[in-house]
Every structure is written in C-alpha cells, then in structure tokens.
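Some notes on the structure that comes next.
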Amino acid sequence: MARPAYNVYAAECPTRRALDRIADKWTALIVGLLGQRTHRFGELRRGIEGISHKVLTQMLRSLERDGLVLRVVGDTIPPTVEYSLTPLGRTLVDPLAAIRDWAEQHIEQVERAQAAYLAAQQTTEPPPRPVAAPAVSAGPPPRGVRVRHSPA
C-alpha cells in the first residue's frame with residue numbers, strides 16, 4: 001500500500017499535530033534531557049527550570065501518548081518511575097538539539113531585532129488623535145433630571 005501524500009501546509013493534514021508536539025519549547029527541553037539518559041520525574045523537573053509539576057506531567061503524558069517517551073514503573077515501594085526516549089523519540093534528538101543550539105547562538109541578534117522593531121514602532125506611529133467631546137443634545141433633559149443654568 002502506498003504511503004499517503006502529506007502536506008503540512010494543508011489545514012487538515014495530520015502532520016500538523018506532529019508539528020504542534022515537536023515545536024513546543026517543553027518538548028525540546030524534555031527530549032534534550034532524555035536524549036542524554038533515562039531520568040526520573042524529579043530529575044527532569046530540576047533539570048528544566050521554570051516548568052511546573054503540572055506542565056511536566058501533562059507533557060510527559062502527551063509524549064508517551066505520541067510514542068516518543070517510554071514510562072516505566074519500577075517494582076519498588078514506593079514505586080520508582082523512569083522516563084526514556086523510544087526509538088521514535090530518539091529520532092528527534094538531533095533536530096531539536098539543532099534548534100536549541102540555534103536559540104543559544106542567535107538570541108542576542110533576536111533581542112536586538114526586537115528592540116529595533118519596538119523603537120521603530122514608537123517613532124513611526126502617529127500621535128493619538130484627540131477624542132472629541134460628546135455632542136450636547138439640544139433637546140429637553142431626561143425626565144426627572146434638573147438642569148441648573150449658570151448666570152452668564
């Protein structure tokens with residue numbers, strides 16, 4: 001049977017789900033650590049600063065569901081849980097390492113470009129237009145409203 005023709009640029013293409021998974025910053029960081037060796041949950045959490053317990057749990061479940069991570073529960077008390085990459089997950093180690101490396105090598109250029117863009121936006125935007133005062137109605141005031149006239 002022939003492999004279907006996928007087109008990642010087509011809105012309904014299932015490859016978009018794979019891109020969503022691998023384009024996530026947490027995926028890149030988790031795969032990076034698991035590419036080095038098997039880790040326990042706490043080791044992953046300590047190794048990835050800024051990731052919450054909840055997000056790490058959700059990400060590991062998603063990566064396991066997608067066949068990228070293997071979760072092994074040890075026969076100990078308390079149970080030990082270890083995470084490692086599957087053969088499919090290992091195929092992401094080098095591409096995601098290249099993306100992490102690119103980010104570290106080019107972040108200063110990106111930050112300079114962002115600062116230049118913001119500076120240009122602030123100098124090229126026209127000043128805000130004055131807000132016109134609401135029109136005064138020449139009709140009678142609403143029922144129950146007293147109008148005091150000041151002497152002229």
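We label chains A, B, ... in the order they appear in the structure tokens, count residues from 1 in each chain, and number ligands from 1 in the order shown.
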
- Message: Residues near range 32-39 of chain A, anyone? I mean within 10 Å using only C-alpha atoms, not counting same-chain ones fewer than 6 positions away, as a ChimeraX atom specification.
- Response: /A:26,45,47-48,69-71,81-86,89-94,96-97,100

Dump of N, CA and C atoms for the selected residues, as a compact mmCIF listing (two decimals), in the first residue's frame:
```txt
# COMPACT_ATOMS: atom_id res chain seq x y z
N TRP A 26 8.73 23.00 25.65
CA TRP A 26 8.93 21.98 26.68
C TRP A 26 9.34 20.66 26.05
N ARG A 45 12.33 17.63 36.41
CA ARG A 45 11.81 18.89 36.95
C ARG A 45 12.94 19.81 37.37
N GLY A 47 15.99 19.68 36.23
CA GLY A 47 16.82 19.97 35.06
C GLY A 47 16.24 21.02 34.13
N ILE A 48 14.92 21.24 34.22
CA ILE A 48 14.25 22.21 33.34
C ILE A 48 13.67 23.31 34.22
N VAL A 69 8.04 8.93 24.27
CA VAL A 69 8.62 8.68 25.59
C VAL A 69 8.06 7.38 26.14
N LEU A 70 8.94 6.66 26.81
CA LEU A 70 8.56 5.41 27.48
C LEU A 70 8.56 5.66 28.98
N ARG A 71 7.47 5.29 29.63
CA ARG A 71 7.34 5.44 31.09
C ARG A 71 7.39 4.05 31.70
N VAL A 81 9.46 5.69 39.06
CA VAL A 81 9.00 5.90 37.69
C VAL A 81 10.15 6.53 36.92
N GLU A 82 10.50 5.91 35.81
CA GLU A 82 11.59 6.42 34.98
C GLU A 82 11.07 6.69 33.58
N TYR A 83 11.64 7.71 32.97
CA TYR A 83 11.26 8.12 31.62
C TYR A 83 12.48 8.02 30.71
N SER A 84 12.25 7.52 29.51
CA SER A 84 13.31 7.45 28.50
C SER A 84 12.67 7.67 27.14
N LEU A 85 13.51 7.90 26.15
CA LEU A 85 13.01 8.08 24.79
C LEU A 85 12.82 6.72 24.13
N THR A 86 11.78 6.64 23.33
CA THR A 86 11.56 5.46 22.49
C THR A 86 12.45 5.61 21.26
N GLY A 89 11.25 8.60 19.53
CA GLY A 89 11.67 9.81 20.23
C GLY A 89 13.13 10.13 19.99
N ARG A 90 13.97 9.12 19.86
CA ARG A 90 15.40 9.34 19.60
C ARG A 90 15.63 10.01 18.25
N THR A 91 14.70 9.84 17.31
CA THR A 91 14.86 10.50 16.00
C THR A 91 14.74 12.01 16.11
N LEU A 92 14.23 12.51 17.23
CA LEU A 92 14.09 13.96 17.43
C LEU A 92 15.29 14.58 18.13
N VAL A 93 16.19 13.78 18.68
CA VAL A 93 17.29 14.33 19.48
C VAL A 93 18.12 15.32 18.68
N ASP A 94 18.61 14.93 17.52
CA ASP A 94 19.48 15.83 16.74
C ASP A 94 18.74 17.05 16.18
N LEU A 96 16.09 18.60 17.36
CA LEU A 96 15.75 19.53 18.43
C LEU A 96 17.01 20.12 19.07
N ALA A 97 18.12 19.36 19.08
CA ALA A 97 19.39 19.92 19.57
C ALA A 97 19.82 21.07 18.68
N ARG A 100 17.74 24.07 19.70
CA ARG A 100 18.21 24.63 20.97
C ARG A 100 19.53 25.38 20.77
```

- Write out as JSON, numbers by chain all residues of chain A that DSSP puts in alpha helix (DSSP H) for this structure's backbone. {"A": [15, 16, 17, 18, 19, 20, 21, 22, 25, 26, 27, 28, 29, 30, 31, 32, 33, 34, 41, 42, 43, 44, 45, 46, 47, 53, 54, 55, 56, 57, 58, 59, 60, 61, 62, 63, 64, 65, 87, 88, 89, 90, 93, 94, 95, 96, 97, 98, 99, 100, 101, 102, 103, 104, 105, 106, 107, 108, 109, 110, 111, 112, 113, 114, 115, 116, 117, 118, 119, 120, 121, 122, 123, 124]}

- Using only C-alpha atoms, find the one residue out of A:Lys25, A:Arg3, A:Arg143, A:Arg16 that sits nearest to Ala103 in chain A.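 For Ala103 in chain A, the nearest of the candidates is A:Lys25.
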
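If you count only C-alpha atoms and ignore residues fewer than 4 places along the chain from range 51-58 of chain A, what sits within 9 Å of it is Trp26, Ile30, Phe41, Leu44, Arg45, Arg46, Ser62 and Leu63 of chain A.
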